[in-house]
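S.K.: Got start.txt for you, compact mmCIF, C-alpha atoms and all ligand atoms:
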```txt
# COMPACT_ATOMS: atom_id res chain seq x y z
CA MET A 494 -12.27 -105.66 31.19
CA LYS A 495 -12.59 -101.92 30.68
CA ARG A 496 -14.92 -100.88 27.84
CA TYR A 497 -13.83 -97.74 26.00
CA CYS A 498 -16.14 -94.97 24.79
CA PHE A 499 -14.43 -92.63 22.35
CA ASP A 500 -15.46 -89.13 21.46
CA LEU A 501 -14.95 -88.65 17.70
CA ASP A 502 -14.02 -85.06 16.63
CA GLY A 503 -10.62 -84.18 18.06
CA THR A 504 -10.22 -87.62 19.65
CA VAL A 505 -10.45 -90.17 16.81
CA TYR A 506 -10.32 -87.82 13.81
CA ARG A 507 -9.95 -84.17 12.82
CA GLY A 508 -12.18 -83.43 9.86
CA LYS A 509 -11.65 -86.34 7.48
CA THR A 510 -8.21 -87.23 8.84
CA GLY A 511 -7.75 -89.98 11.41
CA ILE A 512 -5.57 -89.31 14.46
CA PRO A 513 -2.97 -92.10 14.02
CA THR A 514 -2.44 -92.85 17.74
CA ALA A 515 -6.22 -93.17 18.27
CA VAL A 516 -6.73 -95.38 15.21
CA ALA A 517 -3.85 -97.64 16.35
CA PHE A 518 -5.27 -97.87 19.90
CA ILE A 519 -8.75 -98.75 18.62
CA LYS A 520 -7.32 -101.48 16.37
CA GLN A 521 -5.42 -102.95 19.34
CA LEU A 522 -8.66 -103.06 21.33
CA GLN A 523 -10.51 -104.75 18.47
CA GLN A 524 -7.74 -107.31 18.01
CA ALA A 525 -8.02 -108.10 21.72
CA GLY A 526 -11.78 -108.68 21.24
CA ASN A 527 -12.74 -105.50 23.10
CA GLU A 528 -15.08 -103.67 20.68
CA PRO A 529 -15.18 -99.98 21.66
CA PHE A 530 -18.06 -97.50 21.59
CA TYR A 531 -18.20 -94.15 19.80
CA ILE A 532 -20.07 -91.29 21.38
CA THR A 533 -20.35 -87.99 19.54
CA ASN A 534 -22.12 -84.71 20.08
CA ASN A 535 -22.27 -84.33 16.29
CA SER A 536 -25.96 -84.45 15.37
CA SER A 537 -25.54 -83.85 11.63
CA LYS A 538 -24.80 -87.44 10.65
CA THR A 539 -26.90 -90.60 10.89
CA ARG A 540 -25.44 -93.73 12.51
CA GLU A 541 -24.69 -95.06 9.02
CA GLN A 542 -22.89 -91.85 8.02
CA LEU A 543 -20.78 -91.93 11.20
CA GLN A 544 -19.95 -95.57 10.47
CA GLU A 545 -18.81 -94.51 6.99
CA ALA A 546 -16.70 -91.63 8.42
CA LEU A 547 -14.93 -94.18 10.66
CA ARG A 548 -14.49 -96.57 7.73
CA GLN A 549 -12.78 -93.76 5.79
CA ILE A 550 -10.04 -93.62 8.44
CA GLY A 551 -9.72 -97.40 8.56
CA ILE A 552 -11.98 -98.30 11.48
CA GLU A 553 -14.80 -100.84 11.08
CA ALA A 554 -17.41 -100.09 13.75
CA PRO A 555 -20.70 -101.92 14.35
CA LEU A 556 -23.75 -99.61 14.14
CA SER A 557 -24.86 -100.73 17.59
CA HIS A 558 -21.67 -99.22 19.07
CA ILE A 559 -22.16 -95.74 17.57
CA TYR A 560 -24.05 -93.16 19.67
CA SER A 561 -24.80 -89.57 18.68
CA SER A 562 -26.52 -86.63 20.32
CA ALA A 563 -29.13 -86.87 17.54
CA LEU A 564 -30.22 -90.34 18.70
CA SER A 565 -30.41 -89.41 22.39
CA THR A 566 -32.11 -86.08 21.67
CA ALA A 567 -34.76 -87.85 19.60
CA SER A 568 -35.54 -90.34 22.35
CA TYR A 569 -35.75 -87.50 24.92
CA VAL A 570 -38.00 -85.44 22.65
CA ALA A 571 -40.26 -88.44 21.95
CA GLN A 572 -40.75 -88.90 25.70
CA HIS A 573 -41.57 -85.26 26.49
CA PHE A 574 -43.00 -83.47 23.44
CA LYS A 575 -45.52 -84.09 20.68
CA LYS A 576 -45.05 -81.46 17.99
CA VAL A 577 -41.68 -79.87 17.26
CA ARG A 578 -39.84 -77.66 14.82
CA VAL A 579 -36.30 -78.52 13.83
CA ILE A 580 -33.15 -76.73 12.76
CA GLY A 581 -30.51 -79.28 11.90
CA SER A 582 -29.06 -81.76 9.45
CA GLU A 583 -29.93 -85.26 8.29
CA GLY A 584 -28.83 -86.95 11.54
CA ILE A 585 -31.39 -85.25 13.79
CA TRP A 586 -34.22 -85.32 11.20
CA THR A 587 -33.73 -89.07 10.66
CA ALA A 588 -33.51 -89.78 14.39
CA LEU A 589 -36.72 -87.81 15.17
CA ALA A 590 -38.59 -89.53 12.33
CA SER A 591 -37.51 -92.95 13.59
CA GLN A 592 -38.95 -92.05 17.03
CA GLY A 593 -42.28 -91.02 15.46
CA VAL A 594 -42.03 -87.34 16.51
CA GLU A 595 -44.24 -84.95 14.51
CA VAL A 596 -41.99 -82.36 12.87
CA CYS A 597 -43.75 -79.35 11.31
CA GLU A 598 -43.36 -75.71 10.31
CA ASP A 599 -46.13 -74.35 12.59
CA GLN A 600 -45.68 -71.22 14.72
CA ASP A 601 -47.05 -73.00 17.78
CA VAL A 602 -45.05 -76.09 18.67
CA ASP A 603 -44.00 -77.74 21.95
CA ALA A 604 -40.30 -77.52 21.28
CA LEU A 605 -37.67 -76.18 18.93
CA VAL A 606 -34.95 -78.79 18.46
CA MET A 607 -31.59 -77.47 17.29
CA GLY A 608 -28.68 -79.43 15.91
CA ILE A 609 -25.83 -78.20 13.74
CA ASP A 610 -27.11 -76.85 10.43
CA ARG A 611 -24.38 -75.89 7.98
CA MET A 612 -27.00 -74.18 5.81
CA ILE A 613 -28.06 -71.88 8.66
CA THR A 614 -29.36 -68.46 7.59
CA TYR A 615 -30.48 -65.25 9.32
CA GLU A 616 -34.04 -66.11 8.34
CA LYS A 617 -33.93 -69.52 10.08
CA LEU A 618 -32.41 -67.98 13.22
CA ALA A 619 -35.00 -65.18 13.29
CA GLU A 620 -37.88 -67.62 12.80
CA ALA A 621 -36.53 -69.90 15.54
CA SER A 622 -36.23 -66.95 17.94
CA LEU A 623 -39.91 -66.11 17.34
CA VAL A 624 -41.09 -69.70 17.83
CA VAL A 625 -39.26 -69.90 21.16
CA GLN A 626 -40.75 -66.56 22.27
CA ARG A 627 -44.18 -68.08 21.60
CA GLY A 628 -43.44 -70.73 24.20
CA ALA A 629 -41.62 -73.58 22.48
CA GLN A 630 -38.99 -75.22 24.70
CA LEU A 631 -35.52 -74.66 23.22
CA ILE A 632 -33.60 -77.95 23.01
CA GLY A 633 -30.03 -78.24 21.75
CA THR A 634 -28.59 -81.60 20.71
CA ASN A 635 -25.31 -80.37 22.21
CA GLN A 636 -23.72 -77.22 23.57
CA ASP A 637 -20.33 -77.30 21.85
CA ILE A 638 -19.37 -73.70 21.07
CA ARG A 639 -16.72 -74.75 18.57
CA PHE A 640 -15.15 -77.82 17.10
CA PRO A 641 -11.75 -78.60 15.62
CA THR A 642 -11.08 -79.12 11.90
CA GLU A 643 -7.79 -79.65 10.06
CA THR A 644 -7.44 -75.87 9.69
CA GLY A 645 -8.74 -74.57 13.02
CA PHE A 646 -11.93 -74.14 15.06
CA VAL A 647 -15.33 -73.52 13.45
CA PRO A 648 -18.68 -72.67 15.11
CA GLY A 649 -20.46 -75.54 16.87
CA ASN A 650 -24.16 -75.98 17.54
CA GLY A 651 -23.92 -74.37 20.99
CA SER A 652 -22.99 -71.06 19.39
CA PHE A 653 -26.29 -70.97 17.50
CA VAL A 654 -28.41 -72.29 20.39
CA ASN A 655 -26.90 -69.56 22.61
CA LEU A 656 -27.84 -66.99 20.01
CA ILE A 657 -31.53 -68.04 20.07
CA ALA A 658 -31.50 -68.30 23.89
CA ASN A 659 -30.11 -64.76 24.17
CA VAL A 660 -32.65 -63.30 21.76
CA ALA A 661 -35.64 -65.08 23.33
CA GLY A 662 -34.36 -64.76 26.92
CA VAL A 663 -34.71 -68.47 27.78
CA GLU A 664 -32.58 -71.31 29.16
CA PRO A 665 -32.07 -74.15 26.68
CA ILE A 666 -32.08 -77.85 27.54
CA TYR A 667 -29.02 -79.67 26.20
CA ILE A 668 -28.94 -83.43 25.63
CA GLY A 669 -25.44 -84.26 24.37
CA LYS A 670 -22.32 -84.48 26.53
CA PRO A 671 -21.74 -83.28 29.32
CA SER A 672 -25.18 -84.77 30.00
CA PRO A 673 -24.56 -88.43 30.95
CA VAL A 674 -27.57 -89.57 28.85
CA MET A 675 -25.49 -91.21 26.08
CA LEU A 676 -23.28 -93.16 28.53
CA GLU A 677 -26.43 -94.33 30.32
CA MET A 678 -27.83 -95.53 26.98
CA ILE A 679 -24.63 -97.49 26.25
CA ALA A 680 -24.67 -99.10 29.70
CA ASN A 681 -28.39 -99.98 29.47
CA GLU A 682 -28.36 -101.30 25.92
CA HIS A 683 -25.20 -103.36 26.33
CA GLY A 684 -25.66 -104.55 29.91
CA LEU A 685 -22.59 -102.73 31.26
CA HIS A 686 -21.86 -101.07 34.60
CA ARG A 687 -20.34 -97.63 35.09
CA GLU A 688 -17.23 -99.12 36.72
CA GLU A 689 -16.47 -100.88 33.43
CA LEU A 690 -16.73 -97.79 31.21
CA VAL A 691 -13.92 -95.42 30.24
CA MET A 692 -14.79 -92.10 28.60
CA VAL A 693 -11.99 -90.83 26.32
CA GLY A 694 -12.18 -87.30 24.93
CA ASP A 695 -10.42 -84.09 23.96
CA ASN A 696 -12.96 -81.65 25.37
CA TYR A 697 -12.95 -81.14 29.15
CA ASP A 698 -16.31 -79.36 29.29
CA THR A 699 -18.19 -82.02 27.33
CA ASP A 700 -16.37 -85.40 27.30
CA ILE A 701 -14.62 -85.30 30.66
CA MET A 702 -17.55 -83.64 32.47
CA CYS A 703 -19.86 -86.28 30.96
CA GLY A 704 -17.69 -89.07 32.38
CA LEU A 705 -17.33 -87.32 35.74
CA ARG A 706 -21.10 -86.77 36.02
CA TYR A 707 -21.79 -90.36 35.04
CA GLY A 708 -19.13 -91.65 37.44
CA CYS A 709 -16.91 -93.70 35.14
CA THR A 710 -13.17 -93.61 34.42
CA THR A 711 -12.11 -90.57 32.34
CA VAL A 712 -9.17 -90.03 29.97
CA HIS A 713 -8.26 -86.66 28.49
CA VAL A 714 -6.25 -86.56 25.26
CA ASP A 715 -4.47 -83.42 24.09
CA THR A 716 -5.44 -83.81 20.44
CA GLY A 717 -8.39 -81.44 20.15
CA VAL A 718 -10.29 -78.68 21.95
CA THR A 719 -8.93 -78.46 25.52
CA PRO A 720 -5.14 -78.18 25.95
CA THR A 721 -3.58 -80.20 28.80
CA ALA A 722 -2.50 -76.97 30.55
CA ALA A 723 -6.17 -75.95 30.86
CA VAL A 724 -7.21 -79.39 32.16
CA LEU A 725 -4.54 -79.16 34.89
CA THR A 726 -6.17 -75.98 36.25
CA LYS A 727 -9.55 -77.73 36.77
CA GLU A 728 -10.66 -78.66 40.26
CA GLN A 729 -12.11 -82.02 39.14
CA LYS A 730 -9.45 -83.73 37.06
CA PRO A 731 -9.82 -86.72 34.76
CA ASP A 732 -8.29 -90.02 35.90
CA TYR A 733 -5.72 -89.93 33.10
CA ILE A 734 -4.28 -86.86 31.35
CA ILE A 735 -2.24 -87.92 28.32
CA ALA A 736 -0.83 -86.31 25.19
CA ASP A 737 -2.31 -89.01 22.95
CA LEU A 738 -3.47 -92.61 23.04
CA SER A 739 0.02 -94.05 22.41
CA GLN A 740 0.51 -93.40 26.15
CA LEU A 741 -2.35 -95.66 27.21
CA ASN A 742 -2.06 -99.43 27.62
CA ILE A 743 -5.16 -101.31 26.41
CA ASN A 744 -4.96 -103.55 29.45
CA GLU A 745 -5.06 -100.65 31.91
MG MG B 801 -14.20 -83.89 20.62
```
Please express what this file holds, its structure, as structure tokens.

M.R.:
Amino acid sequence: MKRYCFDLDGTVYRGKTGIPTAVAFIKQLQQAGNEPFYITNNSSKTREQLQEALRQIGIEAPLSHIYSSALSTASYVAQHFKKVRVIGSEGIWTALASQGVEVCEDQDVDALVMGIDRMITYEKLAEASLVVQRGAQLIGTNQDIRFPTETGFVPGNGSFVNLIANVAGVEPIYIGKPSPVMLEMIANEHGLHREELVMVGDNYDTDIMCGLRYGCTTVHVDTGVTPTAAVLTKEQKPDYIIADLSQLNINE
């Protein structure tokens, strides 16, 4: 049985609106006893908040099946760094605290961890640039430049991490997709093998690359960031290129 891992923004919902073909496909899987996984680069929400966002579009998801870049960034940071500064929202702050990482406002820290912060200001960006110039490793929860909403694209975390990297002249480390870290966590924690996993996403550079790097089956849906025409020009193509999930059979 194939186990599905769905990206969220642009794959399962746009803003607060569910994508009907995705919601229907997920319900079919659940009715067949095949509980899917959710894997998002969004670091702003906690697991509980992501669960609530799914509930709002009619999907009941167990917490243990929801993975975010905040969770995987926190476990990476806990393994490699002691004292960090953070720009981000509740998701990343909660995840770092649960891993016991010391978060402070000092000038001298081991790392600057950046997730999406919708209250970002010039002052925060300037301060972060200075901290990184003093030697803190720049870590981004994810490198998404933009993400889709009901009304169009808005800046993603990668846009702000790039800004700091350019000012400080450093290379950031990114944890979210296309890094295969989150798929590895799913496989490890649920006792699954890569041959069983299917990564479904709208963004070629993050979702599809993540699946390709990890070595599992990949499905691109044309409901979000990367249009099908752009996917067809790529050298490494996903296993399935579909308009939406009504074209996929749950038994495939
Ligand atoms: Mg997406």

S.K.: Each residue of chain A lying at most 6 Å from ligand MG 801 (chain B) should get a row with its shortest atom-to-atom pair and the distance in Å to one decimal, counting only C-alpha atoms and all ligand atoms; could you produce that, ordered by chain and increasing number, as CSV?

M.R.:
```
residue,atom,partner,partner_atom,distance
A:Asp500,CA,B:MG801,MG,5.5
A:Leu501,CA,B:MG801,MG,5.6
A:Asp502,CA,B:MG801,MG,4.2
A:Gly503,CA,B:MG801,MG,4.4
A:Thr504,CA,B:MG801,MG,5.5
A:Gly694,CA,B:MG801,MG,5.9
A:Asp695,CA,B:MG801,MG,5.0
A:Asn696,CA,B:MG801,MG,5.4
```

S.K.: May I have the selected residues written with C-alpha atoms, as a PDB file, keeping the file's coordinate frame?

M.R.:
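Saved result, out.pdb, follows:
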```
ATOM      1  CA  ASP A 500     -15.460 -89.130  21.460  1.00  0.00           C
ATOM      2  CA  LEU A 501     -14.950 -88.650  17.700  1.00  0.00           C
ATOM      3  CA  ASP A 502     -14.020 -85.060  16.630  1.00  0.00           C
ATOM      4  CA  GLY A 503     -10.620 -84.180  18.060  1.00  0.00           C
ATOM      5  CA  THR A 504     -10.220 -87.620  19.650  1.00  0.00           C
ATOM      6  CA  GLY A 694     -12.180 -87.300  24.930  1.00  0.00           C
ATOM      7  CA  ASP A 695     -10.420 -84.090  23.960  1.00  0.00           C
ATOM      8  CA  ASN A 696     -12.960 -81.650  25.370  1.00  0.00           C
TER       9      ASN A 696
END
```

S.K.: May I ask which of the residues A:Ile580, A:Val714, A:Ile519, A:Ala563 is the closest one to Thr614 (chain A), counting all atoms listed in the file?

M.R.: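 Nearest candidate to Thr614 (chain A) out of A:Ile580, A:Val714, A:Ile519, A:Ala563: A:Ile580.
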
S.K.: Within 8 Å of region 734-736 of chain A, counting all atoms listed in the file, which residues qualify if same-chain residues fewer than 4 places away don't, as a PyMOL selection string?

M.R.: chain A and resi 712-716+721+740-741

S.K.: Hey, what's within 9 Å of Leu522 (chain A) if we count only C-alpha atoms and toss same-chain stuff fewer than 6 positions away? As a PyMOL selection string, please?

M.R.: chain A and resi 497+528-529+743-744

S.K.: What is the CA of Asn742 (chain A)-CA of Cys709 (chain A) distance in Å, reported with one decimal?

M.R.: 17.6 Å

S.K.: Using only C-alpha atoms, which residues sit within 9 Å of Val663 (chain A) once same-chain residues fewer than 2 positions away are excluded, as a PyMOL selection string?

M.R.: chain A and resi 625-626+630-631+657-661+665

S.K.: So, with all atoms listed in the file as the atoms that count, which of A:Ser568, A:Thr533, A:Thr514, A:Thr726 lies closest to Asp700 (chain A)?

M.R.: A:Thr533

S.K.: How far is it from CA of Arg611 (chain A) to CA of Gly581 (chain A), in Å with one decimal?

M.R.: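 Straight-line distance from CA of Arg611 (chain A) to CA of Gly581 (chain A) works out to 8.0 Å.
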
S.K.: Could you pull the residues within 7 Å of Arg496 (chain A), counting all atoms listed in the file, minus those fewer than 5 positions along the same chain, as an mmCIF file with C-alpha atoms, keeping the file's coordinate frame?

M.R.:
```
data_model
loop_
_atom_site.group_PDB
_atom_site.id
_atom_site.type_symbol
_atom_site.label_atom_id
_atom_site.label_comp_id
_atom_site.auth_asym_id
_atom_site.auth_seq_id
_atom_site.Cartn_x
_atom_site.Cartn_y
_atom_site.Cartn_z
ATOM 1 C CA ASN A 527 -12.740 -105.500 23.100
ATOM 2 C CA PRO A 529 -15.180 -99.980 21.660
ATOM 3 C CA GLU A 689 -16.470 -100.880 33.430
ATOM 4 C CA LEU A 690 -16.730 -97.790 31.210
ATOM 5 C CA VAL A 691 -13.920 -95.420 30.240
#
```

S.K.: Could you work out how far CA of Phe653 (chain A) lies from CA of Val674 (chain A), giving the answer in Å with one decimal?

M.R.: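 Computing the Euclidean distance for CA of Val674 (chain A) and CA of Phe653 (chain A) yields 21.8 Å.
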
S.K.: Given the choices A:Lys670, A:His558, A:Arg548, A:Lys520, which gets closest to Ser536 (chain A) if the distance is worked out from all atoms listed in the file?

M.R.: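 Among the listed residues, A:Lys670 lies closest to Ser536 (chain A).
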
S.K.: Choose the residue, out of A:Pro720, A:Pro671, A:Gly584, A:Gly511, that has the smallest atom-to-atom separation from Gly704 (chain A); count only C-alpha atoms.

M.R.: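 The shortest atom-to-atom distance to Gly704 (chain A) comes from A:Pro671.
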
S.K.: Using all atoms listed in the file, which of the listed residues (A:Asp610, A:Asp599, A:Glu643, A:Glu545) sits closest to Leu623 (chain A)?

M.R.: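 Under the stated criterion, the closest residue is A:Asp599.
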
S.K.: Measuring atom to atom with all atoms listed in the file, identify which of A:Ile632, A:Met612, A:Val654, A:Ala571 is nearest to Val594 (chain A).

M.R.: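 Under the stated criterion, the closest residue is A:Ala571.
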